[in-house]
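Coordinates from work-v1.txt are shown below (compact mmCIF, C-alpha atoms).
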```txt
# COMPACT_ATOMS: atom_id res chain seq x y z
CA GLY A 1 -157.44 103.33 40.81
CA GLU A 2 -156.34 103.44 44.40
CA VAL A 3 -159.49 101.95 45.88
CA GLY A 4 -159.40 98.78 43.76
CA ALA A 5 -155.82 98.05 44.77
CA GLN A 6 -156.67 98.19 48.46
CA ASN A 7 -159.52 95.71 48.06
CA ASP A 8 -157.04 93.09 46.91
CA VAL A 9 -155.38 93.06 50.33
CA ARG A 10 -157.48 90.77 52.45
CA LYS A 11 -157.43 90.90 56.19
CA PRO A 12 -155.64 87.77 57.40
CA ASP A 13 -157.78 85.27 59.31
CA ASP A 14 -156.36 85.48 62.83
CA ARG A 15 -158.32 82.60 64.38
CA LEU A 16 -155.04 80.67 64.41
CA LYS A 17 -151.44 81.89 64.33
CA PRO A 18 -150.27 82.39 60.72
CA ARG A 19 -147.63 79.66 60.90
CA ALA A 20 -149.79 77.21 62.83
CA SER A 21 -149.56 73.87 61.05
CA ALA A 22 -152.93 72.33 60.22
CA ARG A 23 -154.22 69.18 58.61
CA SER A 24 -157.01 70.44 56.40
CA ILE A 25 -159.89 68.94 54.47
CA ASP A 26 -161.83 70.24 51.48
CA LEU A 27 -164.92 68.10 50.89
CA ASP A 28 -168.09 68.73 48.89
CA GLY A 29 -167.55 72.49 48.96
CA ALA A 30 -166.97 72.70 52.71
CA SER A 31 -163.60 72.92 54.43
CA LYS A 32 -162.13 72.45 57.86
CA ALA A 33 -158.69 72.88 59.39
CA SER A 34 -157.53 70.73 62.29
CA PRO A 35 -154.60 72.35 64.10
CA LEU A 36 -151.77 69.80 64.22
CA GLU A 37 -151.09 70.66 67.86
CA ALA A 38 -154.65 69.59 68.79
CA VAL A 39 -154.61 66.49 66.60
CA ARG A 40 -151.29 65.37 68.11
CA ARG A 41 -152.76 65.75 71.59
CA ILE A 42 -156.20 64.21 71.03
CA ARG A 43 -155.01 61.52 68.54
CA VAL A 44 -158.50 60.27 67.67
CA VAL A 45 -160.73 63.13 66.56
CA ASN A 46 -164.45 62.65 65.95
CA ASP A 47 -165.73 65.64 64.02
CA ALA A 48 -168.10 66.62 61.21
CA LEU A 49 -167.92 68.57 57.98
CA GLY A 50 -171.23 69.54 56.47
CA ALA A 51 -173.39 66.43 56.70
CA LYS A 52 -170.43 64.05 56.87
CA PRO A 53 -169.05 62.58 60.10
CA LEU A 54 -165.26 62.77 60.15
CA LEU A 55 -162.61 60.66 61.83
CA VAL A 56 -159.07 62.06 62.02
CA VAL A 57 -156.37 59.77 63.44
CA HIS A 58 -152.87 60.83 64.47
CA GLN A 59 -150.25 58.17 65.13
CA PRO A 60 -147.46 59.70 67.23
CA ALA A 61 -144.87 57.01 66.45
CA SER A 62 -144.80 57.87 62.73
CA ASP A 63 -146.24 61.40 63.14
CA THR A 64 -148.81 60.56 60.46
CA THR A 65 -152.37 61.84 60.30
CA THR A 66 -155.14 60.16 58.31
CA ALA A 67 -158.82 61.04 57.83
CA PHE A 68 -161.99 59.17 56.95
CA VAL A 69 -165.74 59.50 56.58
CA ALA A 70 -166.89 57.86 59.84
CA ARG A 71 -169.85 56.02 58.37
CA VAL A 72 -170.60 52.41 57.45
CA ASP A 73 -173.81 51.46 55.60
CA GLY A 74 -175.31 54.85 56.40
CA LYS A 75 -174.58 54.55 60.12
CA THR A 76 -172.34 57.13 61.79
CA LEU A 77 -169.61 55.68 64.00
CA THR A 78 -167.71 57.29 66.88
CA PHE A 79 -164.15 56.15 67.47
CA GLY A 80 -161.73 55.91 70.34
CA ALA A 81 -158.11 54.78 70.56
CA ALA A 82 -157.67 51.15 71.60
CA ASN A 83 -153.99 51.74 72.44
CA ALA A 84 -151.71 54.67 73.28
CA ALA A 85 -150.14 54.63 69.79
CA ALA A 86 -153.60 55.12 68.19
CA SER A 87 -152.63 52.35 65.75
CA ALA A 88 -155.75 50.44 66.85
CA LEU A 89 -159.22 51.93 67.22
CA VAL A 90 -162.59 50.78 68.48
CA ASP A 91 -165.99 52.13 67.52
CA ARG A 92 -168.43 52.90 70.33
CA GLU A 93 -171.48 51.73 68.42
CA THR A 94 -170.49 48.09 67.77
CA GLY A 95 -167.23 47.64 69.69
CA SER A 96 -165.53 46.52 66.47
CA GLN A 97 -161.74 46.90 66.20
CA TRP A 98 -160.22 49.03 63.43
CA ASP A 99 -156.73 49.83 62.23
CA ALA A 100 -155.55 53.42 61.75
CA TYR A 101 -156.14 53.14 57.99
CA GLY A 102 -159.91 52.77 58.20
CA ALA A 103 -160.17 48.97 57.93
CA CYS A 104 -162.25 46.96 60.41
CA VAL A 105 -160.16 43.99 61.54
CA SER A 106 -162.53 42.29 64.00
CA GLY A 107 -166.03 42.47 65.43
CA ARG A 108 -169.45 42.95 63.90
CA LEU A 109 -168.21 45.25 61.11
CA LYS A 110 -165.15 43.13 60.16
CA GLY A 111 -164.29 43.63 56.50
CA SER A 112 -165.76 47.14 56.35
CA VAL A 113 -163.51 49.94 55.12
CA LEU A 114 -164.06 53.64 55.82
CA GLU A 115 -163.86 56.06 52.89
CA ALA A 116 -160.50 57.84 53.09
CA ILE A 117 -160.33 61.64 52.83
CA VAL A 118 -157.33 63.58 51.57
CA LEU A 119 -155.73 65.67 54.33
CA GLU A 120 -153.72 68.65 53.17
CA PRO A 121 -150.80 69.70 55.38
CA GLU A 122 -150.86 73.50 55.27
CA TYR A 123 -149.83 76.49 57.27
CA TRP A 124 -152.89 78.36 58.50
CA PHE A 125 -152.07 81.56 56.58
CA ALA A 126 -151.99 79.64 53.28
CA TRP A 127 -155.11 77.53 53.93
CA SER A 128 -157.22 80.40 55.26
CA GLU A 129 -156.29 82.63 52.31
CA PHE A 130 -158.04 80.26 49.89
CA HIS A 131 -160.68 78.84 52.26
CA ARG A 132 -162.23 81.97 53.75
CA GLU A 133 -165.21 80.09 55.21
CA THR A 134 -163.19 77.23 56.68
CA GLY A 135 -164.20 75.70 59.98
CA ILE A 136 -161.59 74.89 62.62
CA TYR A 137 -161.61 71.79 64.76
CA ALA A 138 -161.83 72.76 68.42
CA PRO A 139 -161.00 70.00 70.91
CA PRO A 140 -163.54 69.36 73.66
CA ARG A 141 -162.68 71.09 76.93
CA PRO A 142 -161.09 68.66 79.39
```

Let me see whether you can do it: turn the structure in this file into structure tokens.
Amino acid sequence: GEVGAQNDVRKPDDRLKPRASARSIDLDGASKASPLEAVRRIRVVNDALGAKPLLVVHQPASDTTTAFVARVDGKTLTFGAANAAASALVDRETGSQWDAYGACVSGRLKGSVLEAIVLEPEYWFAWSEFHRETGIYAPPRP
């Protein structure tokens, strides 16, 4: 009857604007949306999803965003941009140099490769509809 039909209409998740573009991850049953506006500004995002440390890298020149599990041999790494283009990265723990595709090119961890994670480009209204419990990346306050 009437009541059942109303239950099908879910309240939209208004934590972000409906048409906000996000780069979203679904991993081991947990999900997180990173607003593209924040990722474009921060460029190198150190985050976490469940028990996994995340690295999200945005390269402004090509407007591409990539994501990785920020861990090598069980050790969590924290990354920073080594240049303004975010095409080179450095990890705080060993000072090793990395490219934006998760490969260590020099330093103590040379030869290591981070596990890549699929990023889904989605509008917030679409992602939040199917990922009701999703987290949202919030950039640190300046």

### Message
Can you measure CA of Ala85 in chain A to CA of Ala61 in chain A for me? One decimal in Å is fine.
### Response
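For CA of Ala85 in chain A relative to CA of Ala61 in chain A, the distance reads 6.7 Å.
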
#### Entry: Shell of 12 Å around Lys32 in chain A, only C-alpha atoms, local chain residues under 2 positions omitted, as a PyMOL selection string
chain A and resi 22-30+34-35+47-50+52+54+56+67+118-122+124+127-128+130-138

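Neighbours of Leu114 in chain A closer than or equal to 8 Å, with only C-alpha atoms counted and sequence neighbours fewer than 2 positions away skipped, come out as Phe68, Val69, Ala70, Arg71, Val72, Gly102, Ala103, Ser112 and Ala116 of chain A.
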
### Query
Hey, can you check how far CA of Ala88 in chain A sits from CA of Ala100 in chain A?
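Rounded to one decimal, the two atoms are 5.9 Å apart.
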
### Query
A:Phe125, A:Arg41, A:Pro142, A:Ser96: which is nearest Arg10 in chain A, counting only C-alpha atoms?
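Ranking A:Phe125, A:Arg41, A:Pro142, A:Ser96 by distance to Arg10 in chain A, first place goes to A:Phe125.
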
### Task
Report the distance between CA of Asp91 in chain A and CA of Arg43 in chain A in Å, rounded to one decimal place.
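About the pair CA of Asp91 in chain A and CA of Arg43 in chain A: they are 14.5 Å apart.
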
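The environment of Gly107 in chain A within 12 Å, counting only C-alpha atoms and disregarding residues fewer than 2 places along the same chain, consists of A:Leu89, A:Val90, A:Asp91, A:Arg92, A:Glu93, A:Thr94, A:Gly95, A:Ser96, A:Gln97, A:Trp98, A:Ala103, A:Cys104, A:Val105, A:Leu109, A:Lys110, A:Gly111, A:Ser112.
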
### Nearest candidate to Val45 in chain A (options A:Ser106, A:Pro140, A:Glu115, A:Ala82; using all atoms listed in the file)
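Using all atoms listed in the file, Val45 in chain A sits closest to A:Pro140.
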
### Query
Which residue gives the smallest distance to Lys17 in chain A among A:Ala81, A:Tyr123, A:Leu55, A:Thr76, with only C-alpha atoms counted?
A:Tyr123

### Query
Counting all atoms listed in the file, which of A:Ala126, A:Asp73, A:Glu37, A:Phe79 gets nearest to Val113 in chain A?
A:Asp73

#### Entry: Shortest interatomic distance to Gln59 in chain A - which of A:Arg19, A:Lys11, A:Arg141, A:Arg40, counting all atoms listed in the file
A:Arg40

### Query
Near Pro139 in chain A, counting all atoms listed in the file, which residues have an atom at most 9 Å away, once you skip same-chain residues fewer than 5 positions from it, shown as a PyMOL selection string?
chain A and resi 38-39+42+45
